[in-house]
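Okay, upload-v1.pdb now, which holds PDB, C-alpha atoms:
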```pdb
MODEL        1
ATOM      1  CA  ARG A  40     -33.757 -15.670 -25.653  1.00  0.00           C
ATOM      2  CA  ASN A  41     -33.314 -19.030 -27.395  1.00  0.00           C
ATOM      3  CA  THR A  42     -32.953 -19.624 -31.131  1.00  0.00           C
ATOM      4  CA  ALA A  43     -36.624 -20.453 -31.709  1.00  0.00           C
ATOM      5  CA  GLU A  44     -37.791 -17.297 -29.925  1.00  0.00           C
ATOM      6  CA  ALA A  45     -35.298 -15.129 -31.806  1.00  0.00           C
ATOM      7  CA  LEU A  46     -36.435 -16.598 -35.123  1.00  0.00           C
ATOM      8  CA  LEU A  47     -40.115 -16.039 -34.285  1.00  0.00           C
ATOM      9  CA  VAL A  48     -39.503 -12.409 -33.302  1.00  0.00           C
ATOM     10  CA  GLY A  49     -37.411 -11.806 -36.405  1.00  0.00           C
ATOM     11  CA  VAL A  50     -40.084 -13.187 -38.716  1.00  0.00           C
ATOM     12  CA  ALA A  51     -42.769 -11.180 -36.915  1.00  0.00           C
ATOM     13  CA  GLN A  52     -40.787  -7.973 -37.322  1.00  0.00           C
ATOM     14  CA  MET A  53     -40.286  -8.579 -41.035  1.00  0.00           C
ATOM     15  CA  LEU A  54     -43.984  -9.266 -41.579  1.00  0.00           C
ATOM     16  CA  MET A  55     -45.447  -6.582 -39.322  1.00  0.00           C
ATOM     17  CA  GLY A  56     -42.747  -3.938 -39.113  1.00  0.00           C
ATOM     18  CA  ASP A  57     -42.549  -1.682 -36.047  1.00  0.00           C
ATOM     19  CA  SER A  58     -45.882  -2.918 -34.703  1.00  0.00           C
ATOM     20  CA  ALA A  59     -44.563  -6.480 -34.404  1.00  0.00           C
ATOM     21  CA  ARG A  60     -44.030  -6.320 -30.651  1.00  0.00           C
ATOM     22  CA  ILE A  61     -47.539  -5.034 -29.914  1.00  0.00           C
ATOM     23  CA  ARG A  62     -49.235  -7.482 -32.265  1.00  0.00           C
ATOM     24  CA  THR A  63     -47.164 -10.371 -30.944  1.00  0.00           C
ATOM     25  CA  MET A  64     -48.150  -9.492 -27.368  1.00  0.00           C
ATOM     26  CA  LYS A  65     -51.818  -9.379 -28.385  1.00  0.00           C
ATOM     27  CA  ALA A  66     -51.499 -12.721 -30.170  1.00  0.00           C
ATOM     28  CA  ASP A  67     -49.854 -14.229 -27.096  1.00  0.00           C
ATOM     29  CA  ARG A  68     -52.709 -12.977 -24.911  1.00  0.00           C
ATOM     30  CA  VAL A  69     -55.315 -14.424 -27.274  1.00  0.00           C
ATOM     31  CA  TRP A  70     -53.442 -17.737 -27.356  1.00  0.00           C
ATOM     32  CA  MET A  71     -53.380 -17.893 -23.552  1.00  0.00           C
ATOM     33  CA  GLU A  72     -57.141 -17.350 -23.459  1.00  0.00           C
ATOM     34  CA  ILE A  73     -57.711 -20.043 -26.101  1.00  0.00           C
ATOM     35  CA  VAL A  74     -55.625 -22.549 -24.116  1.00  0.00           C
ATOM     36  CA  ALA A  75     -57.470 -21.621 -20.921  1.00  0.00           C
ATOM     37  CA  PHE A  76     -60.806 -22.154 -22.680  1.00  0.00           C
ATOM     38  CA  ILE A  77     -59.706 -25.574 -23.942  1.00  0.00           C
ATOM     39  CA  LYS A  78     -58.563 -26.581 -20.464  1.00  0.00           C
ATOM     40  CA  ASP A  79     -61.843 -25.343 -19.086  1.00  0.00           C
ATOM     41  CA  ALA A  80     -63.919 -27.316 -21.594  1.00  0.00           C
ATOM     42  CA  VAL A  81     -61.893 -30.532 -21.488  1.00  0.00           C
ATOM     43  CA  VAL A  82     -60.818 -30.723 -17.862  1.00  0.00           C
ATOM     44  CA  ILE A  83     -63.503 -28.995 -15.809  1.00  0.00           C
ATOM     45  CA  ARG A  84     -66.776 -29.050 -17.775  1.00  0.00           C
ATOM     46  CA  ASN A  85     -66.339 -32.594 -19.045  1.00  0.00           C
ATOM     47  CA  VAL A  86     -67.783 -35.002 -16.454  1.00  0.00           C
ATOM     48  CA  THR A  87     -66.377 -37.957 -18.390  1.00  0.00           C
ATOM     49  CA  THR A  88     -62.866 -36.577 -17.907  1.00  0.00           C
ATOM     50  CA  LEU A  89     -63.462 -36.225 -14.167  1.00  0.00           C
ATOM     51  CA  ILE A  90     -64.771 -39.788 -13.781  1.00  0.00           C
ATOM     52  CA  GLY A  91     -61.980 -41.214 -15.911  1.00  0.00           C
ATOM     53  CA  ASN A  92     -59.404 -39.312 -13.890  1.00  0.00           C
ATOM     54  CA  LEU A  93     -60.876 -40.592 -10.615  1.00  0.00           C
ATOM     55  CA  MET A  94     -60.803 -44.192 -11.828  1.00  0.00           C
ATOM     56  CA  SER A  95     -57.248 -43.779 -13.059  1.00  0.00           C
ATOM     57  CA  ASN A  96     -56.113 -42.326  -9.726  1.00  0.00           C
ATOM     58  CA  ILE A  97     -57.744 -45.160  -7.784  1.00  0.00           C
ATOM     59  CA  ALA A  98     -56.043 -47.712 -10.049  1.00  0.00           C
ATOM     60  CA  ILE A  99     -52.642 -46.081  -9.459  1.00  0.00           C
ATOM     61  CA  LEU A 100     -53.116 -45.995  -5.684  1.00  0.00           C
ATOM     62  CA  SER A 101     -54.253 -49.634  -5.658  1.00  0.00           C
ATOM     63  CA  ALA A 102     -51.211 -50.629  -7.711  1.00  0.00           C
ATOM     64  CA  MET A 103     -49.048 -48.914  -5.088  1.00  0.00           C
ATOM     65  CA  GLY A 104     -50.450 -51.271  -2.449  1.00  0.00           C
ATOM     66  CA  ILE A 105     -53.004 -48.957  -0.844  1.00  0.00           C
ATOM     67  CA  ASN A 106     -56.269 -50.656   0.122  1.00  0.00           C
ATOM     68  CA  PRO A 107     -59.671 -49.180  -0.885  1.00  0.00           C
ATOM     69  CA  LYS A 108     -60.620 -48.294   2.705  1.00  0.00           C
ATOM     70  CA  GLN A 109     -57.460 -46.232   3.149  1.00  0.00           C
ATOM     71  CA  ILE A 110     -57.955 -44.533  -0.224  1.00  0.00           C
ATOM     72  CA  VAL A 111     -61.463 -43.433   0.732  1.00  0.00           C
ATOM     73  CA  GLU A 112     -60.783 -42.455   4.357  1.00  0.00           C
ATOM     74  CA  ARG A 113     -57.567 -40.559   3.764  1.00  0.00           C
ATOM     75  CA  GLY A 114     -58.890 -39.085   0.523  1.00  0.00           C
ATOM     76  CA  VAL A 115     -61.932 -37.636   2.297  1.00  0.00           C
ATOM     77  CA  PHE A 116     -59.598 -36.375   5.038  1.00  0.00           C
ATOM     78  CA  ALA A 117     -57.445 -34.580   2.448  1.00  0.00           C
ATOM     79  CA  VAL A 118     -60.431 -32.971   0.709  1.00  0.00           C
ATOM     80  CA  LYS A 119     -61.992 -31.827   3.995  1.00  0.00           C
ATOM     81  CA  HIS A 120     -58.855 -30.125   5.255  1.00  0.00           C
ATOM     82  CA  GLY A 121     -57.868 -28.892   1.787  1.00  0.00           C
ATOM     83  CA  LEU A 122     -61.162 -27.041   1.465  1.00  0.00           C
ATOM     84  CA  GLN A 123     -60.721 -25.609   4.963  1.00  0.00           C
ATOM     85  CA  TYR A 124     -57.215 -24.436   4.079  1.00  0.00           C
ATOM     86  CA  ARG A 125     -58.444 -22.628   0.978  1.00  0.00           C
ATOM     87  CA  LYS A 126     -61.323 -21.073   2.936  1.00  0.00           C
ATOM     88  CA  ASP A 127     -58.909 -19.851   5.634  1.00  0.00           C
ATOM     89  CA  ILE A 128     -56.521 -18.412   3.044  1.00  0.00           C
ATOM     90  CA  ALA A 129     -59.360 -16.456   1.423  1.00  0.00           C
ATOM     91  CA  LEU A 130     -60.501 -15.166   4.835  1.00  0.00           C
ATOM     92  CA  LYS A 131     -56.931 -14.226   5.781  1.00  0.00           C
ATOM     93  CA  ILE A 132     -56.511 -12.173   2.606  1.00  0.00           C
ATOM     94  CA  SER A 133     -59.856 -10.461   3.192  1.00  0.00           C
ATOM     95  CA  ILE A 134     -58.967  -9.528   6.788  1.00  0.00           C
ATOM     96  CA  GLU A 135     -55.530  -8.248   5.790  1.00  0.00           C
ATOM     97  CA  GLN A 136     -57.098  -6.044   3.119  1.00  0.00           C
ATOM     98  CA  GLN A 137     -59.584  -4.637   5.636  1.00  0.00           C
ATOM     99  CA  LEU A 138     -56.720  -3.862   8.008  1.00  0.00           C
ATOM    100  CA  GLN A 139     -54.725  -2.260   5.215  1.00  0.00           C
ATOM    101  CA  TYR A 140     -57.553   0.095   4.244  1.00  0.00           C
ATOM    102  CA  GLY A 141     -58.774   0.802   7.777  1.00  0.00           C
ATOM    103  CA  LEU A 142     -62.131  -0.937   7.462  1.00  0.00           C
ATOM    104  CA  GLY A 143     -63.835  -2.140  10.638  1.00  0.00           C
ATOM    105  CA  SER A 144     -62.476  -2.554  14.152  1.00  0.00           C
ATOM    106  CA  ARG A 145     -58.724  -3.160  14.123  1.00  0.00           C
ATOM    107  CA  VAL A 146     -58.901  -5.002  17.459  1.00  0.00           C
ATOM    108  CA  SER A 147     -61.616  -7.348  16.213  1.00  0.00           C
ATOM    109  CA  LEU A 148     -59.892  -7.884  12.854  1.00  0.00           C
ATOM    110  CA  ARG A 149     -56.568  -8.706  14.499  1.00  0.00           C
ATOM    111  CA  GLU A 150     -58.284 -11.246  16.733  1.00  0.00           C
ATOM    112  CA  GLN A 151     -59.922 -12.836  13.686  1.00  0.00           C
ATOM    113  CA  LEU A 152     -56.595 -12.835  11.850  1.00  0.00           C
ATOM    114  CA  ALA A 153     -54.880 -14.569  14.768  1.00  0.00           C
ATOM    115  CA  ARG A 154     -57.541 -17.289  14.804  1.00  0.00           C
ATOM    116  CA  VAL A 155     -57.308 -17.829  11.036  1.00  0.00           C
ATOM    117  CA  GLU A 156     -53.499 -17.995  11.102  1.00  0.00           C
ATOM    118  CA  ASP A 157     -53.679 -20.497  13.963  1.00  0.00           C
ATOM    119  CA  SER A 158     -56.144 -22.604  11.973  1.00  0.00           C
ATOM    120  CA  LEU A 159     -53.807 -22.527   8.965  1.00  0.00           C
ATOM    121  CA  GLN A 160     -50.807 -23.551  11.047  1.00  0.00           C
ATOM    122  CA  ARG A 161     -52.695 -26.488  12.563  1.00  0.00           C
ATOM    123  CA  ASN A 162     -54.131 -27.703   9.260  1.00  0.00           C
ATOM    124  CA  PRO A 163     -52.762 -31.254   8.726  1.00  0.00           C
ATOM    125  CA  VAL A 164     -52.483 -30.873   4.936  1.00  0.00           C
ATOM    126  CA  LYS A 165     -50.809 -27.449   5.039  1.00  0.00           C
ATOM    127  CA  GLN A 166     -47.341 -28.729   4.188  1.00  0.00           C
ATOM    128  CA  TYR A 167     -48.630 -30.846   1.314  1.00  0.00           C
ATOM    129  CA  ILE A 168     -50.439 -27.876  -0.228  1.00  0.00           C
ATOM    130  CA  GLU A 169     -47.435 -25.603   0.230  1.00  0.00           C
ATOM    131  CA  GLU A 170     -45.304 -28.202  -1.541  1.00  0.00           C
ATOM    132  CA  GLY A 171     -47.503 -27.659  -4.598  1.00  0.00           C
ATOM    133  CA  LEU A 172     -49.623 -30.826  -4.559  1.00  0.00           C
ATOM    134  CA  LEU A 173     -52.869 -28.863  -4.970  1.00  0.00           C
ATOM    135  CA  PRO A 174     -53.341 -28.241  -8.725  1.00  0.00           C
ATOM    136  CA  THR A 175     -53.528 -24.642  -9.875  1.00  0.00           C
ATOM    137  CA  ILE A 176     -55.701 -25.022 -12.958  1.00  0.00           C
ATOM    138  CA  VAL A 177     -58.451 -22.803 -11.542  1.00  0.00           C
ATOM    139  CA  GLU A 178     -55.936 -19.994 -10.983  1.00  0.00           C
ATOM    140  CA  ASP A 179     -54.741 -20.578 -14.528  1.00  0.00           C
ATOM    141  CA  LEU A 180     -58.295 -20.229 -15.816  1.00  0.00           C
ATOM    142  CA  GLU A 181     -58.898 -16.943 -14.002  1.00  0.00           C
ATOM    143  CA  VAL A 182     -57.847 -15.185 -17.219  1.00  0.00           C
ATOM    144  CA  ASP A 183     -61.531 -15.604 -18.117  1.00  0.00           C
ATOM    145  CA  ASN A 184     -62.462 -13.246 -15.289  1.00  0.00           C
ATOM    146  CA  ASP A 185     -60.166 -10.469 -16.444  1.00  0.00           C
ATOM    147  CA  ALA A 186     -62.361  -7.478 -17.328  1.00  0.00           C
ATOM    148  CA  TYR A 187     -59.849  -6.476 -20.007  1.00  0.00           C
ATOM    149  CA  SER A 188     -59.506  -9.872 -21.649  1.00  0.00           C
ATOM    150  CA  TYR A 189     -60.745 -10.499 -25.180  1.00  0.00           C
ATOM    151  CA  LYS A 190     -63.235 -13.021 -23.858  1.00  0.00           C
ATOM    152  CA  SER A 191     -64.668 -10.489 -21.407  1.00  0.00           C
ATOM    153  CA  LYS A 192     -65.011  -7.903 -24.174  1.00  0.00           C
ATOM    154  CA  LEU A 193     -66.860 -10.440 -26.297  1.00  0.00           C
ATOM    155  CA  ALA A 194     -69.126 -11.290 -23.353  1.00  0.00           C
ATOM    156  CA  ALA A 195     -69.915  -7.593 -22.887  1.00  0.00           C
ATOM    157  CA  LYS A 196     -70.975  -7.331 -26.537  1.00  0.00           C
ATOM    158  CA  VAL A 197     -73.136 -10.442 -26.206  1.00  0.00           C
ATOM    159  CA  ASP A 198     -74.782  -9.001 -23.075  1.00  0.00           C
ATOM    160  CA  ALA A 199     -75.687  -5.872 -25.010  1.00  0.00           C
ATOM    161  CA  TYR A 200     -77.570  -7.965 -27.566  1.00  0.00           C
ATOM    162  CA  THR A 201     -79.321 -10.173 -24.979  1.00  0.00           C
ATOM    163  CA  LYS A 202     -80.718  -7.519 -22.649  1.00  0.00           C
ATOM    164  CA  GLY A 203     -84.275  -8.312 -23.723  1.00  0.00           C
ATOM    165  CA  ILE A 204     -84.029 -12.040 -22.968  1.00  0.00           C
ATOM    166  CA  PRO A 205     -85.694 -13.040 -19.646  1.00  0.00           C
ATOM    167  CA  ASP A 206     -83.314 -13.870 -16.802  1.00  0.00           C
ATOM    168  CA  GLU A 207     -84.892 -17.314 -16.410  1.00  0.00           C
ATOM    169  CA  ILE A 208     -83.875 -18.261 -19.943  1.00  0.00           C
ATOM    170  CA  LYS A 209     -80.359 -16.883 -19.443  1.00  0.00           C
ATOM    171  CA  THR A 210     -80.038 -18.911 -16.234  1.00  0.00           C
ATOM    172  CA  GLY A 211     -81.171 -22.051 -18.031  1.00  0.00           C
ATOM    173  CA  VAL A 212     -78.617 -21.520 -20.792  1.00  0.00           C
ATOM    174  CA  ASN A 213     -75.874 -20.919 -18.201  1.00  0.00           C
ATOM    175  CA  TRP A 214     -76.670 -24.239 -16.519  1.00  0.00           C
ATOM    176  CA  LEU A 215     -76.832 -26.018 -19.868  1.00  0.00           C
ATOM    177  CA  MET A 216     -73.414 -24.627 -20.841  1.00  0.00           C
ATOM    178  CA  VAL A 217     -72.030 -25.167 -17.327  1.00  0.00           C
ATOM    179  CA  SER A 218     -71.128 -21.498 -17.042  1.00  0.00           C
ATOM    180  CA  PRO A 219     -68.518 -20.471 -14.409  1.00  0.00           C
ATOM    181  CA  SER A 220     -71.288 -18.559 -12.613  1.00  0.00           C
ATOM    182  CA  THR A 221     -73.245 -21.734 -11.840  1.00  0.00           C
ATOM    183  CA  PRO A 222     -72.941 -23.952  -8.720  1.00  0.00           C
ATOM    184  CA  LEU A 223     -72.477 -26.952 -11.033  1.00  0.00           C
ATOM    185  CA  TYR A 224     -69.341 -25.441 -12.525  1.00  0.00           C
ATOM    186  CA  LYS A 225     -67.956 -24.638  -9.076  1.00  0.00           C
ATOM    187  CA  PHE A 226     -68.659 -28.215  -7.955  1.00  0.00           C
ATOM    188  CA  LEU A 227     -66.903 -29.699 -10.984  1.00  0.00           C
ATOM    189  CA  SER A 228     -64.005 -27.287 -10.538  1.00  0.00           C
ATOM    190  CA  ASN A 229     -63.541 -28.282  -6.898  1.00  0.00           C
ATOM    191  CA  ALA A 230     -63.964 -31.963  -7.718  1.00  0.00           C
ATOM    192  CA  THR A 231     -61.280 -31.761 -10.404  1.00  0.00           C
ATOM    193  CA  GLN A 232     -58.774 -29.999  -8.180  1.00  0.00           C
ATOM    194  CA  PHE A 233     -59.319 -31.905  -4.989  1.00  0.00           C
ATOM    195  CA  SER A 234     -59.632 -35.384  -6.491  1.00  0.00           C
ATOM    196  CA  ASP A 235     -56.037 -35.134  -7.661  1.00  0.00           C
ATOM    197  CA  PHE A 236     -54.860 -33.467  -4.465  1.00  0.00           C
ATOM    198  CA  ALA A 237     -56.472 -36.226  -2.407  1.00  0.00           C
ATOM    199  CA  SER A 238     -54.754 -38.903  -4.491  1.00  0.00           C
ATOM    200  CA  LYS A 239     -51.376 -37.207  -4.153  1.00  0.00           C
ATOM    201  CA  PHE A 240     -51.841 -36.785  -0.419  1.00  0.00           C
ATOM    202  CA  VAL A 241     -52.839 -40.429   0.062  1.00  0.00           C
ATOM    203  CA  LEU A 242     -49.817 -41.666  -1.897  1.00  0.00           C
ATOM    204  CA  ALA A 243     -47.322 -39.341  -0.184  1.00  0.00           C
ATOM    205  CA  GLU A 244     -48.623 -40.220   3.269  1.00  0.00           C
ATOM    206  CA  HIS A 245     -48.638 -43.941   2.475  1.00  0.00           C
ATOM    207  CA  THR A 246     -45.055 -44.031   1.203  1.00  0.00           C
ATOM    208  CA  GLN A 247     -43.887 -42.202   4.337  1.00  0.00           C
ATOM    209  CA  ASN A 248     -45.621 -44.589   6.736  1.00  0.00           C
ATOM    210  CA  ARG A 249     -45.587 -48.006   5.040  1.00  0.00           C
ATOM    211  CA  SER A 250     -43.813 -50.829   6.839  1.00  0.00           C
ATOM    212  CA  LYS A 251     -41.252 -51.479   4.093  1.00  0.00           C
ATOM    213  CA  ASP A 252     -39.262 -49.192   1.811  1.00  0.00           C
ATOM    214  CA  LYS A 253     -40.373 -45.968   3.486  1.00  0.00           C
ATOM    215  CA  LEU A 254     -39.625 -42.727   1.673  1.00  0.00           C
ATOM    216  CA  GLY A 255     -38.470 -39.456   3.157  1.00  0.00           C
ATOM    217  CA  TRP A 256     -40.569 -36.304   2.954  1.00  0.00           C
ATOM    218  CA  GLU A 257     -39.034 -34.907  -0.237  1.00  0.00           C
ATOM    219  CA  GLU A 258     -38.997 -38.270  -1.992  1.00  0.00           C
ATOM    220  CA  SER A 259     -42.646 -38.973  -1.154  1.00  0.00           C
ATOM    221  CA  ILE A 260     -43.739 -35.529  -2.355  1.00  0.00           C
ATOM    222  CA  GLU A 261     -41.805 -35.864  -5.601  1.00  0.00           C
ATOM    223  CA  LEU A 262     -43.265 -39.312  -6.250  1.00  0.00           C
ATOM    224  CA  ALA A 263     -46.829 -38.140  -5.559  1.00  0.00           C
ATOM    225  CA  ASP A 264     -46.389 -35.094  -7.781  1.00  0.00           C
ATOM    226  CA  THR A 265     -45.119 -37.129 -10.731  1.00  0.00           C
ATOM    227  CA  MET A 266     -47.555 -40.051 -10.515  1.00  0.00           C
ATOM    228  CA  PHE A 267     -50.658 -38.033 -11.303  1.00  0.00           C
ATOM    229  CA  ILE A 268     -51.736 -35.473 -13.925  1.00  0.00           C
ATOM    230  CA  ASN A 269     -50.230 -32.075 -13.175  1.00  0.00           C
ATOM    231  CA  TYR A 270     -52.871 -29.446 -13.968  1.00  0.00           C
ATOM    232  CA  GLY A 271     -50.496 -26.730 -12.881  1.00  0.00           C
ATOM    233  CA  VAL A 272     -48.186 -26.977 -15.892  1.00  0.00           C
ATOM    234  CA  PRO A 273     -47.606 -23.665 -17.693  1.00  0.00           C
ATOM    235  CA  THR A 274     -49.963 -22.741 -20.503  1.00  0.00           C
ATOM    236  CA  SER A 275     -47.362 -21.008 -22.630  1.00  0.00           C
TER     237      SER A 275
ENDMDL
END
```
Will you turn the file into structure tokens for me?
Amino acid sequence: RNTAEALLVGVAQMLMGDSARIRTMKADRVWMEIVAFIKDAVVIRNVTTLIGNLMSNIAILSAMGINPKQIVERGVFAVKHGLQYRKDIALKISIEQQLQYGLGSRVSLREQLARVEDSLQRNPVKQYIEEGLLPTIVEDLEVDNDAYSYKSKLAAKVDAYTKGIPDEIKTGVNWLMVSPSTPLYKFLSNATQFSDFASKFVLAEHTQNRSKDKLGWEESIELADTMFINYGVPTS
């Protein structure tokens, strides 16, 4: 524990007595949810942020000597296979859970699992994703989906007061607020994640294959990871 942490804990204990630890943990949880909400509002729900980020990424790639055609073609390639990778990972987890709990035909499930694992192994962007180039902001924001979070408790109270409101109106409000339950939110979320991943992939691949001053694998990955916004930075 560093000096700042020790000082904070000491002050908390003096102000709150024996309940300091519990209250501090609750405060930390609330703070994490506040930060997640801010990220959600600024990074995902804000179309202006997405467009600005795309333009910035294109400018960086162009400055690195990558032509527009290559940016588009290899960027689309990265998004296509990145989405397939994530889909296969989700399917793999689902199959493994079914096998674990004895659901369905084991023979059929094992055959499906073998096909999914083969697809993952052959995915051309697998190594780039496993090196951490795919941002993790959506995982970071999953605190919103925690049934025991403060935000979820607040949502439950709001639901109790809005039972009489027609579903059509609720749906309209959800779309207006770009709620996580809407297809628009999911689109913006995917666009935010994969636009940066595509840019990182294009840069890493380019620096490995360019005619002059080629970079090795680790160097190209490190350069790509540092050149663009890292949405996976810790929230605490």
Residues proximal to (-47.8, -41.0, -6.2) were defined as those with any atom within 8 Å of that point in the file's coordinates, counting all atoms listed in the file. Which are they, as a PyMOL selection string?
chain A and resi 99-100+238-239+242-243+259-267
To test your reading of the syntax: which residues would the PyMOL selection byres ((chain A and resi 124-137) around 7) return for the file shown? Reply as an MDAnalysis selection string.
chainID A and resid 120:123 138:142 148 152 155 159 162
Check which residues satisfy the PyMOL selection byres ((chain A and resi 105) around 12) in the file shown, then give them as a PDB file with C-alpha atoms, in the frame of the given file.
```
ATOM      1  CA  ASN A  96     -56.113 -42.326  -9.726  1.00  0.00           C
ATOM      2  CA  ILE A  97     -57.744 -45.160  -7.784  1.00  0.00           C
ATOM      3  CA  ALA A  98     -56.043 -47.712 -10.049  1.00  0.00           C
ATOM      4  CA  ILE A  99     -52.642 -46.081  -9.459  1.00  0.00           C
ATOM      5  CA  LEU A 100     -53.116 -45.995  -5.684  1.00  0.00           C
ATOM      6  CA  SER A 101     -54.253 -49.634  -5.658  1.00  0.00           C
ATOM      7  CA  ALA A 102     -51.211 -50.629  -7.711  1.00  0.00           C
ATOM      8  CA  MET A 103     -49.048 -48.914  -5.088  1.00  0.00           C
ATOM      9  CA  GLY A 104     -50.450 -51.271  -2.449  1.00  0.00           C
ATOM     10  CA  ASN A 106     -56.269 -50.656   0.122  1.00  0.00           C
ATOM     11  CA  PRO A 107     -59.671 -49.180  -0.885  1.00  0.00           C
ATOM     12  CA  LYS A 108     -60.620 -48.294   2.705  1.00  0.00           C
ATOM     13  CA  GLN A 109     -57.460 -46.232   3.149  1.00  0.00           C
ATOM     14  CA  ILE A 110     -57.955 -44.533  -0.224  1.00  0.00           C
ATOM     15  CA  VAL A 111     -61.463 -43.433   0.732  1.00  0.00           C
ATOM     16  CA  GLU A 112     -60.783 -42.455   4.357  1.00  0.00           C
ATOM     17  CA  ARG A 113     -57.567 -40.559   3.764  1.00  0.00           C
ATOM     18  CA  GLY A 114     -58.890 -39.085   0.523  1.00  0.00           C
ATOM     19  CA  SER A 238     -54.754 -38.903  -4.491  1.00  0.00           C
ATOM     20  CA  VAL A 241     -52.839 -40.429   0.062  1.00  0.00           C
ATOM     21  CA  LEU A 242     -49.817 -41.666  -1.897  1.00  0.00           C
ATOM     22  CA  ALA A 243     -47.322 -39.341  -0.184  1.00  0.00           C
ATOM     23  CA  GLU A 244     -48.623 -40.220   3.269  1.00  0.00           C
ATOM     24  CA  HIS A 245     -48.638 -43.941   2.475  1.00  0.00           C
ATOM     25  CA  THR A 246     -45.055 -44.031   1.203  1.00  0.00           C
ATOM     26  CA  ASN A 248     -45.621 -44.589   6.736  1.00  0.00           C
ATOM     27  CA  ARG A 249     -45.587 -48.006   5.040  1.00  0.00           C
TER      28      ARG A 249
END
```
Any idea what the distance is between CA of Gly255 (chain A) and CA of Leu93 (chain A)?
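These atoms are spaced 26.3 Å apart.
Of note, CA of Gln160 (chain A) and CA of Thr231 (chain A) are spaced 25.2 Å apart.
From CA of Ser158 (chain A) back to CA of Ala230 (chain A), the distance works out to 23.2 Å.
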